[in-house]
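File shown: final.pdb. Contents: PDB, C-alpha atoms, pLDDT in the B column.
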```
ATOM      1  CA  MET T  13     -27.633  14.679 -28.314  1.00 83.00           C
ATOM      2  CA  TRP T  14     -26.582  18.350 -28.269  1.00 97.00           C
ATOM      3  CA  THR T  15     -28.363  20.712 -25.898  1.00 96.00           C
ATOM      4  CA  GLU T  16     -28.277  24.486 -25.873  1.00 93.00           C
ATOM      5  CA  LYS T  17     -27.978  26.044 -22.441  1.00 93.00           C
ATOM      6  CA  ASP T  18     -26.216  29.106 -21.045  1.00 91.00           C
ATOM      7  CA  HIS T  19     -25.184  30.269 -24.539  1.00 92.00           C
ATOM      8  CA  GLN T  20     -23.410  26.992 -25.337  1.00 92.00           C
ATOM      9  CA  LEU T  21     -24.058  23.812 -27.272  1.00 96.00           C
ATOM     10  CA  SER T  22     -23.105  20.868 -25.081  1.00 97.00           C
ATOM     11  CA  ALA T  23     -22.911  17.119 -25.519  1.00 98.00           C
ATOM     12  CA  THR T  24     -21.502  14.140 -23.656  1.00 98.00           C
ATOM     13  CA  PHE T  25     -20.056  11.197 -25.568  1.00 97.00           C
ATOM     14  CA  THR T  26     -19.359   7.817 -23.975  1.00 97.00           C
ATOM     15  CA  PHE T  27     -16.962   5.194 -25.328  1.00 97.00           C
ATOM     16  CA  LYS T  28     -15.934   1.644 -24.443  1.00 97.00           C
ATOM     17  CA  ASP T  29     -12.662   2.785 -22.835  1.00 97.00           C
ATOM     18  CA  PHE T  30     -10.136   5.597 -22.494  1.00 98.00           C
ATOM     19  CA  SER T  31      -8.267   4.703 -25.696  1.00 97.00           C
ATOM     20  CA  GLN T  32     -11.403   5.022 -27.776  1.00 97.00           C
ATOM     21  CA  ALA T  33     -12.334   8.313 -26.092  1.00 98.00           C
ATOM     22  CA  PHE T  34      -8.848   9.663 -26.737  1.00 97.00           C
ATOM     23  CA  ALA T  35      -8.939   8.553 -30.383  1.00 98.00           C
ATOM     24  CA  PHE T  36     -12.244  10.411 -30.775  1.00 98.00           C
ATOM     25  CA  MET T  37     -10.723  13.523 -29.198  1.00 98.00           C
ATOM     26  CA  THR T  38      -7.774  13.331 -31.569  1.00 97.00           C
ATOM     27  CA  GLU T  39     -10.085  13.229 -34.579  1.00 97.00           C
ATOM     28  CA  VAL T  40     -12.145  16.105 -33.211  1.00 97.00           C
ATOM     29  CA  ALA T  41      -8.965  18.129 -32.611  1.00 97.00           C
ATOM     30  CA  PHE T  42      -8.039  17.896 -36.300  1.00 96.00           C
ATOM     31  CA  LEU T  43     -11.635  18.670 -37.251  1.00 95.00           C
ATOM     32  CA  ALA T  44     -11.663  21.736 -34.986  1.00 95.00           C
ATOM     33  CA  GLU T  45      -8.470  22.981 -36.628  1.00 95.00           C
ATOM     34  CA  LYS T  46     -10.050  22.530 -40.057  1.00 94.00           C
ATOM     35  CA  HIS T  47     -13.106  24.525 -38.913  1.00 91.00           C
ATOM     36  CA  ASN T  48     -10.895  27.055 -37.099  1.00 90.00           C
ATOM     37  CA  HIS T  49     -13.221  26.613 -34.134  1.00 89.00           C
ATOM     38  CA  HIS T  50     -11.996  25.055 -30.913  1.00 88.00           C
ATOM     39  CA  PRO T  51     -14.181  23.464 -28.236  1.00 93.00           C
ATOM     40  CA  LEU T  52     -14.050  23.604 -24.495  1.00 95.00           C
ATOM     41  CA  TRP T  53     -13.906  19.949 -23.480  1.00 97.00           C
ATOM     42  CA  THR T  54     -13.129  17.533 -20.705  1.00 97.00           C
ATOM     43  CA  ASN T  55     -12.274  13.872 -20.646  1.00 98.00           C
ATOM     44  CA  VAL T  56     -12.555  11.428 -17.781  1.00 97.00           C
ATOM     45  CA  TRP T  57     -11.824   7.803 -18.686  1.00 97.00           C
ATOM     46  CA  ASN T  58     -14.443   6.863 -21.314  1.00 97.00           C
ATOM     47  CA  ARG T  59     -16.447  10.108 -21.296  1.00 98.00           C
ATOM     48  CA  VAL T  60     -15.859  13.263 -23.323  1.00 98.00           C
ATOM     49  CA  GLU T  61     -17.879  16.414 -22.664  1.00 98.00           C
ATOM     50  CA  ILE T  62     -17.808  19.106 -25.340  1.00 98.00           C
ATOM     51  CA  HIS T  63     -19.066  22.686 -25.114  1.00 97.00           C
ATOM     52  CA  LEU T  64     -19.254  24.978 -28.131  1.00 96.00           C
ATOM     53  CA  SER T  65     -19.793  28.725 -28.357  1.00 93.00           C
ATOM     54  CA  THR T  66     -18.424  31.418 -30.620  1.00 87.00           C
ATOM     55  CA  HIS T  67     -16.175  33.778 -28.689  1.00 79.00           C
ATOM     56  CA  ASP T  68     -15.993  36.319 -31.532  1.00 76.00           C
ATOM     57  CA  ALA T  69     -19.799  36.635 -31.411  1.00 78.00           C
ATOM     58  CA  GLY T  70     -19.908  37.359 -27.699  1.00 75.00           C
ATOM     59  CA  ASP T  71     -19.775  33.782 -26.397  1.00 79.00           C
ATOM     60  CA  THR T  72     -23.053  32.723 -27.916  1.00 80.00           C
ATOM     61  CA  VAL T  73     -24.186  29.883 -30.183  1.00 90.00           C
ATOM     62  CA  THR T  74     -23.816  30.591 -33.893  1.00 89.00           C
ATOM     63  CA  GLN T  75     -23.977  28.646 -37.131  1.00 93.00           C
ATOM     64  CA  LYS T  76     -20.261  27.992 -36.696  1.00 92.00           C
ATOM     65  CA  ASP T  77     -21.073  25.986 -33.558  1.00 93.00           C
ATOM     66  CA  GLN T  78     -23.938  24.164 -35.253  1.00 95.00           C
ATOM     67  CA  ASN T  79     -21.672  23.188 -38.154  1.00 95.00           C
ATOM     68  CA  LEU T  80     -18.930  21.862 -35.887  1.00 96.00           C
ATOM     69  CA  ALA T  81     -21.467  19.966 -33.768  1.00 97.00           C
ATOM     70  CA  LYS T  82     -22.794  18.202 -36.878  1.00 97.00           C
ATOM     71  CA  ALA T  83     -19.262  17.319 -37.963  1.00 97.00           C
ATOM     72  CA  ILE T  84     -18.459  15.974 -34.470  1.00 97.00           C
ATOM     73  CA  ASP T  85     -21.598  13.821 -34.612  1.00 97.00           C
ATOM     74  CA  LEU T  86     -20.340  12.273 -37.844  1.00 96.00           C
ATOM     75  CA  VAL T  87     -17.035  11.410 -36.189  1.00 97.00           C
ATOM     76  CA  HIS T  88     -18.830   9.966 -33.163  1.00 97.00           C
ATOM     77  CA  ALA T  89     -21.048   7.795 -35.368  1.00 96.00           C
ATOM     78  CA  ARG T  90     -17.982   5.850 -36.498  1.00 94.00           C
ATOM     79  CA  TYR T  91     -17.391   4.762 -32.876  1.00 91.00           C
ATOM     80  CA  GLN T  92     -20.822   3.203 -32.430  1.00 86.00           C
TER      81      GLN T  92
END
```
Could you express the structure from this file as structure tokens?
Amino acid sequence: MWTEKDHQLSATFTFKDFSQAFAFMTEVAFLAEKHNHHPLWTNVWNRVEIHLSTHDAGDTVTQKDQNLAKAIDLVHARYQ
């Protein structure tokens, strides 16, 4: 689901409606705080796009991004 391109990990998540997408984003927000790693993301209705890179490492993909991506996947799995 995640792809690495242009020094970012990116994924698109689709939900049944806006409320479910927003609930997912809320969970990911708390998760990002816990990881002290905050995504670049967008939301349009039932779709959430997330992009991860580590700014402190020169805006490249690091293990920190990989770890957060795995944690986000676990959150997403609960919405399936």
- Task: Let me know the residues the PyMOL selection byres ((chain T and resi 53) around 12) catches in the file above, as an MDAnalysis selection string.
- Result: chainID T and resid 20:25 34 37 40:41 44 50:52 54:56 59:65
If you keep C-alpha atoms, can you produce a file of those selected residues as a PDB file, keeping the file's coordinate frame?
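File written: result-v6.pdb
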```pdb
ATOM      1  CA  GLN T  20     -23.410  26.992 -25.337  1.00 92.00           C
ATOM      2  CA  LEU T  21     -24.058  23.812 -27.272  1.00 96.00           C
ATOM      3  CA  SER T  22     -23.105  20.868 -25.081  1.00 97.00           C
ATOM      4  CA  ALA T  23     -22.911  17.119 -25.519  1.00 98.00           C
ATOM      5  CA  THR T  24     -21.502  14.140 -23.656  1.00 98.00           C
ATOM      6  CA  PHE T  25     -20.056  11.197 -25.568  1.00 97.00           C
ATOM      7  CA  PHE T  34      -8.848   9.663 -26.737  1.00 97.00           C
ATOM      8  CA  MET T  37     -10.723  13.523 -29.198  1.00 98.00           C
ATOM      9  CA  VAL T  40     -12.145  16.105 -33.211  1.00 97.00           C
ATOM     10  CA  ALA T  41      -8.965  18.129 -32.611  1.00 97.00           C
ATOM     11  CA  ALA T  44     -11.663  21.736 -34.986  1.00 95.00           C
ATOM     12  CA  HIS T  50     -11.996  25.055 -30.913  1.00 88.00           C
ATOM     13  CA  PRO T  51     -14.181  23.464 -28.236  1.00 93.00           C
ATOM     14  CA  LEU T  52     -14.050  23.604 -24.495  1.00 95.00           C
ATOM     15  CA  THR T  54     -13.129  17.533 -20.705  1.00 97.00           C
ATOM     16  CA  ASN T  55     -12.274  13.872 -20.646  1.00 98.00           C
ATOM     17  CA  VAL T  56     -12.555  11.428 -17.781  1.00 97.00           C
ATOM     18  CA  ARG T  59     -16.447  10.108 -21.296  1.00 98.00           C
ATOM     19  CA  VAL T  60     -15.859  13.263 -23.323  1.00 98.00           C
ATOM     20  CA  GLU T  61     -17.879  16.414 -22.664  1.00 98.00           C
ATOM     21  CA  ILE T  62     -17.808  19.106 -25.340  1.00 98.00           C
ATOM     22  CA  HIS T  63     -19.066  22.686 -25.114  1.00 97.00           C
ATOM     23  CA  LEU T  64     -19.254  24.978 -28.131  1.00 96.00           C
ATOM     24  CA  SER T  65     -19.793  28.725 -28.357  1.00 93.00           C
TER      25      SER T  65
END
```
Selection result for the PyMOL selection byres ((chain T and resi 32) around 12) on this file, as a PDB file with C-alpha atoms, in the frame of the given file:
```pdb
ATOM      1  CA  PHE T  25     -20.056  11.197 -25.568  1.00 97.00           C
ATOM      2  CA  THR T  26     -19.359   7.817 -23.975  1.00 97.00           C
ATOM      3  CA  PHE T  27     -16.962   5.194 -25.328  1.00 97.00           C
ATOM      4  CA  LYS T  28     -15.934   1.644 -24.443  1.00 97.00           C
ATOM      5  CA  ASP T  29     -12.662   2.785 -22.835  1.00 97.00           C
ATOM      6  CA  PHE T  30     -10.136   5.597 -22.494  1.00 98.00           C
ATOM      7  CA  SER T  31      -8.267   4.703 -25.696  1.00 97.00           C
ATOM      8  CA  ALA T  33     -12.334   8.313 -26.092  1.00 98.00           C
ATOM      9  CA  PHE T  34      -8.848   9.663 -26.737  1.00 97.00           C
ATOM     10  CA  ALA T  35      -8.939   8.553 -30.383  1.00 98.00           C
ATOM     11  CA  PHE T  36     -12.244  10.411 -30.775  1.00 98.00           C
ATOM     12  CA  MET T  37     -10.723  13.523 -29.198  1.00 98.00           C
ATOM     13  CA  THR T  38      -7.774  13.331 -31.569  1.00 97.00           C
ATOM     14  CA  GLU T  39     -10.085  13.229 -34.579  1.00 97.00           C
ATOM     15  CA  ASN T  55     -12.274  13.872 -20.646  1.00 98.00           C
ATOM     16  CA  VAL T  56     -12.555  11.428 -17.781  1.00 97.00           C
ATOM     17  CA  TRP T  57     -11.824   7.803 -18.686  1.00 97.00           C
ATOM     18  CA  ASN T  58     -14.443   6.863 -21.314  1.00 97.00           C
ATOM     19  CA  ARG T  59     -16.447  10.108 -21.296  1.00 98.00           C
ATOM     20  CA  VAL T  60     -15.859  13.263 -23.323  1.00 98.00           C
ATOM     21  CA  VAL T  87     -17.035  11.410 -36.189  1.00 97.00           C
ATOM     22  CA  HIS T  88     -18.830   9.966 -33.163  1.00 97.00           C
ATOM     23  CA  ARG T  90     -17.982   5.850 -36.498  1.00 94.00           C
ATOM     24  CA  TYR T  91     -17.391   4.762 -32.876  1.00 91.00           C
ATOM     25  CA  GLN T  92     -20.822   3.203 -32.430  1.00 86.00           C
TER      26      GLN T  92
END
```
- Query: Written as a PyMOL selection string, what is the full residue list that the PyMOL selection byres ((chain T and resi 77) around 8) yields on the file shown?
  - Reply: chain T and resi 21+49+64-66+73-76+78-81
Keeping only C-alpha atoms, take the residues you just selected and write them out as a JSON list (two decimals), keeping the file's coordinate frame.
```
[["chain", "number", "residue", "atom", "x", "y", "z"],
["T", 21, "LEU", "CA", -24.06, 23.81, -27.27],
["T", 49, "HIS", "CA", -13.22, 26.61, -34.13],
["T", 64, "LEU", "CA", -19.25, 24.98, -28.13],
["T", 65, "SER", "CA", -19.79, 28.72, -28.36],
["T", 66, "THR", "CA", -18.42, 31.42, -30.62],
["T", 73, "VAL", "CA", -24.19, 29.88, -30.18],
["T", 74, "THR", "CA", -23.82, 30.59, -33.89],
["T", 75, "GLN", "CA", -23.98, 28.65, -37.13],
["T", 76, "LYS", "CA", -20.26, 27.99, -36.70],
["T", 78, "GLN", "CA", -23.94, 24.16, -35.25],
["T", 79, "ASN", "CA", -21.67, 23.19, -38.15],
["T", 80, "LEU", "CA", -18.93, 21.86, -35.89],
["T", 81, "ALA", "CA", -21.47, 19.97, -33.77]]
```
- Message: Could you tell me how far atom CA of T:His19 sits from atom CA of T:His67, in Å to one decimal place?
- Response: 10.5 Å
- Item | Straight-line distance linking atom CA of T:Lys46 with atom CA of T:Ile84, stated in Å to one decimal |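 For atom CA of T:Lys46 relative to atom CA of T:Ile84, the distance reads 12.0 Å.
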- At what distance in Å, to one decimal, does atom CA of T:Thr15 lie from atom CA of T:Asp68? 20.7 Å
When you get a chance, write out N, CA and C atoms for stretch 49-81 of chain T, as a PDB file, keeping the file's coordinate frame.
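Result went into out_33.pdb, see below:
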```pdb
ATOM      1  N   HIS T  49     -12.256  26.429 -35.224  1.00 89.00           N
ATOM      2  CA  HIS T  49     -13.221  26.613 -34.134  1.00 89.00           C
ATOM      3  C   HIS T  49     -12.929  25.551 -33.080  1.00 89.00           C
ATOM      4  N   HIS T  50     -12.551  25.981 -31.899  1.00 88.00           N
ATOM      5  CA  HIS T  50     -11.996  25.055 -30.913  1.00 88.00           C
ATOM      6  C   HIS T  50     -12.899  24.922 -29.694  1.00 88.00           C
ATOM      7  N   PRO T  51     -13.235  23.691 -29.326  1.00 93.00           N
ATOM      8  CA  PRO T  51     -14.181  23.464 -28.236  1.00 93.00           C
ATOM      9  C   PRO T  51     -13.539  23.580 -26.854  1.00 93.00           C
ATOM     10  N   LEU T  52     -14.406  23.800 -25.899  1.00 95.00           N
ATOM     11  CA  LEU T  52     -14.050  23.604 -24.495  1.00 95.00           C
ATOM     12  C   LEU T  52     -14.468  22.172 -24.214  1.00 95.00           C
ATOM     13  N   TRP T  53     -13.536  21.342 -23.710  1.00 97.00           N
ATOM     14  CA  TRP T  53     -13.906  19.949 -23.480  1.00 97.00           C
ATOM     15  C   TRP T  53     -13.189  19.366 -22.285  1.00 97.00           C
ATOM     16  N   THR T  54     -13.745  18.285 -21.791  1.00 97.00           N
ATOM     17  CA  THR T  54     -13.129  17.533 -20.705  1.00 97.00           C
ATOM     18  C   THR T  54     -13.216  16.055 -21.039  1.00 97.00           C
ATOM     19  N   ASN T  55     -12.295  15.322 -20.465  1.00 98.00           N
ATOM     20  CA  ASN T  55     -12.274  13.872 -20.646  1.00 98.00           C
ATOM     21  C   ASN T  55     -11.961  13.213 -19.315  1.00 98.00           C
ATOM     22  N   VAL T  56     -12.810  12.284 -18.932  1.00 97.00           N
ATOM     23  CA  VAL T  56     -12.555  11.428 -17.781  1.00 97.00           C
ATOM     24  C   VAL T  56     -12.846  10.004 -18.244  1.00 97.00           C
ATOM     25  N   TRP T  57     -11.822   9.193 -18.245  1.00 97.00           N
ATOM     26  CA  TRP T  57     -11.824   7.803 -18.686  1.00 97.00           C
ATOM     27  C   TRP T  57     -12.537   7.632 -20.022  1.00 97.00           C
ATOM     28  N   ASN T  58     -13.776   7.161 -20.043  1.00 97.00           N
ATOM     29  CA  ASN T  58     -14.443   6.863 -21.314  1.00 97.00           C
ATOM     30  C   ASN T  58     -15.458   7.930 -21.718  1.00 97.00           C
ATOM     31  N   ARG T  59     -15.447   9.065 -21.053  1.00 98.00           N
ATOM     32  CA  ARG T  59     -16.447  10.108 -21.296  1.00 98.00           C
ATOM     33  C   ARG T  59     -15.763  11.398 -21.755  1.00 98.00           C
ATOM     34  N   VAL T  60     -16.336  11.982 -22.805  1.00 98.00           N
ATOM     35  CA  VAL T  60     -15.859  13.263 -23.323  1.00 98.00           C
ATOM     36  C   VAL T  60     -17.033  14.232 -23.329  1.00 98.00           C
ATOM     37  N   GLU T  61     -16.871  15.349 -22.651  1.00 98.00           N
ATOM     38  CA  GLU T  61     -17.879  16.414 -22.664  1.00 98.00           C
ATOM     39  C   GLU T  61     -17.349  17.548 -23.532  1.00 98.00           C
ATOM     40  N   ILE T  62     -18.205  18.033 -24.431  1.00 98.00           N
ATOM     41  CA  ILE T  62     -17.808  19.106 -25.340  1.00 98.00           C
ATOM     42  C   ILE T  62     -18.801  20.257 -25.218  1.00 98.00           C
ATOM     43  N   HIS T  63     -18.256  21.473 -25.175  1.00 97.00           N
ATOM     44  CA  HIS T  63     -19.066  22.686 -25.114  1.00 97.00           C
ATOM     45  C   HIS T  63     -18.606  23.616 -26.234  1.00 97.00           C
ATOM     46  N   LEU T  64     -19.556  24.101 -26.997  1.00 96.00           N
ATOM     47  CA  LEU T  64     -19.254  24.978 -28.131  1.00 96.00           C
ATOM     48  C   LEU T  64     -19.957  26.316 -27.977  1.00 96.00           C
ATOM     49  N   SER T  65     -19.227  27.381 -28.214  1.00 93.00           N
ATOM     50  CA  SER T  65     -19.793  28.725 -28.357  1.00 93.00           C
ATOM     51  C   SER T  65     -18.798  29.527 -29.188  1.00 93.00           C
ATOM     52  N   THR T  66     -19.283  30.604 -29.771  1.00 87.00           N
ATOM     53  CA  THR T  66     -18.424  31.418 -30.620  1.00 87.00           C
ATOM     54  C   THR T  66     -17.989  32.651 -29.836  1.00 87.00           C
ATOM     55  N   HIS T  67     -16.709  32.687 -29.500  1.00 79.00           N
ATOM     56  CA  HIS T  67     -16.175  33.778 -28.689  1.00 79.00           C
ATOM     57  C   HIS T  67     -16.252  35.114 -29.430  1.00 79.00           C
ATOM     58  N   ASP T  68     -15.975  35.087 -30.736  1.00 76.00           N
ATOM     59  CA  ASP T  68     -15.993  36.319 -31.532  1.00 76.00           C
ATOM     60  C   ASP T  68     -17.385  36.939 -31.620  1.00 76.00           C
ATOM     61  N   ALA T  69     -18.419  36.141 -31.336  1.00 78.00           N
ATOM     62  CA  ALA T  69     -19.799  36.635 -31.411  1.00 78.00           C
ATOM     63  C   ALA T  69     -20.352  36.921 -30.017  1.00 78.00           C
ATOM     64  N   GLY T  70     -19.467  37.044 -29.051  1.00 75.00           N
ATOM     65  CA  GLY T  70     -19.908  37.359 -27.699  1.00 75.00           C
ATOM     66  C   GLY T  70     -20.250  36.138 -26.875  1.00 75.00           C
ATOM     67  N   ASP T  71     -19.553  35.039 -27.138  1.00 79.00           N
ATOM     68  CA  ASP T  71     -19.775  33.782 -26.397  1.00 79.00           C
ATOM     69  C   ASP T  71     -21.225  33.326 -26.469  1.00 79.00           C
ATOM     70  N   THR T  72     -21.709  33.208 -27.677  1.00 80.00           N
ATOM     71  CA  THR T  72     -23.053  32.723 -27.916  1.00 80.00           C
ATOM     72  C   THR T  72     -23.008  31.632 -28.980  1.00 80.00           C
ATOM     73  N   VAL T  73     -24.114  30.953 -29.181  1.00 90.00           N
ATOM     74  CA  VAL T  73     -24.186  29.883 -30.183  1.00 90.00           C
ATOM     75  C   VAL T  73     -24.465  30.496 -31.545  1.00 90.00           C
ATOM     76  N   THR T  74     -23.644  30.118 -32.515  1.00 89.00           N
ATOM     77  CA  THR T  74     -23.816  30.591 -33.893  1.00 89.00           C
ATOM     78  C   THR T  74     -23.841  29.396 -34.843  1.00 89.00           C
ATOM     79  N   GLN T  75     -23.998  29.698 -36.111  1.00 93.00           N
ATOM     80  CA  GLN T  75     -23.977  28.646 -37.131  1.00 93.00           C
ATOM     81  C   GLN T  75     -22.641  27.916 -37.131  1.00 93.00           C
ATOM     82  N   LYS T  76     -21.590  28.610 -36.784  1.00 92.00           N
ATOM     83  CA  LYS T  76     -20.261  27.992 -36.696  1.00 92.00           C
ATOM     84  C   LYS T  76     -20.272  26.836 -35.688  1.00 92.00           C
ATOM     85  N   ASP T  77     -20.953  27.036 -34.569  1.00 93.00           N
ATOM     86  CA  ASP T  77     -21.073  25.986 -33.558  1.00 93.00           C
ATOM     87  C   ASP T  77     -21.943  24.843 -34.064  1.00 93.00           C
ATOM     88  N   GLN T  78     -23.039  25.192 -34.704  1.00 95.00           N
ATOM     89  CA  GLN T  78     -23.938  24.164 -35.253  1.00 95.00           C
ATOM     90  C   GLN T  78     -23.202  23.299 -36.276  1.00 95.00           C
ATOM     91  N   ASN T  79     -22.414  23.922 -37.123  1.00 95.00           N
ATOM     92  CA  ASN T  79     -21.672  23.188 -38.154  1.00 95.00           C
ATOM     93  C   ASN T  79     -20.644  22.243 -37.527  1.00 95.00           C
ATOM     94  N   LEU T  80     -19.915  22.727 -36.530  1.00 96.00           N
ATOM     95  CA  LEU T  80     -18.930  21.862 -35.887  1.00 96.00           C
ATOM     96  C   LEU T  80     -19.612  20.734 -35.129  1.00 96.00           C
ATOM     97  N   ALA T  81     -20.728  21.013 -34.487  1.00 97.00           N
ATOM     98  CA  ALA T  81     -21.467  19.966 -33.768  1.00 97.00           C
ATOM     99  C   ALA T  81     -21.888  18.850 -34.725  1.00 97.00           C
TER     100      ALA T  81
END
```
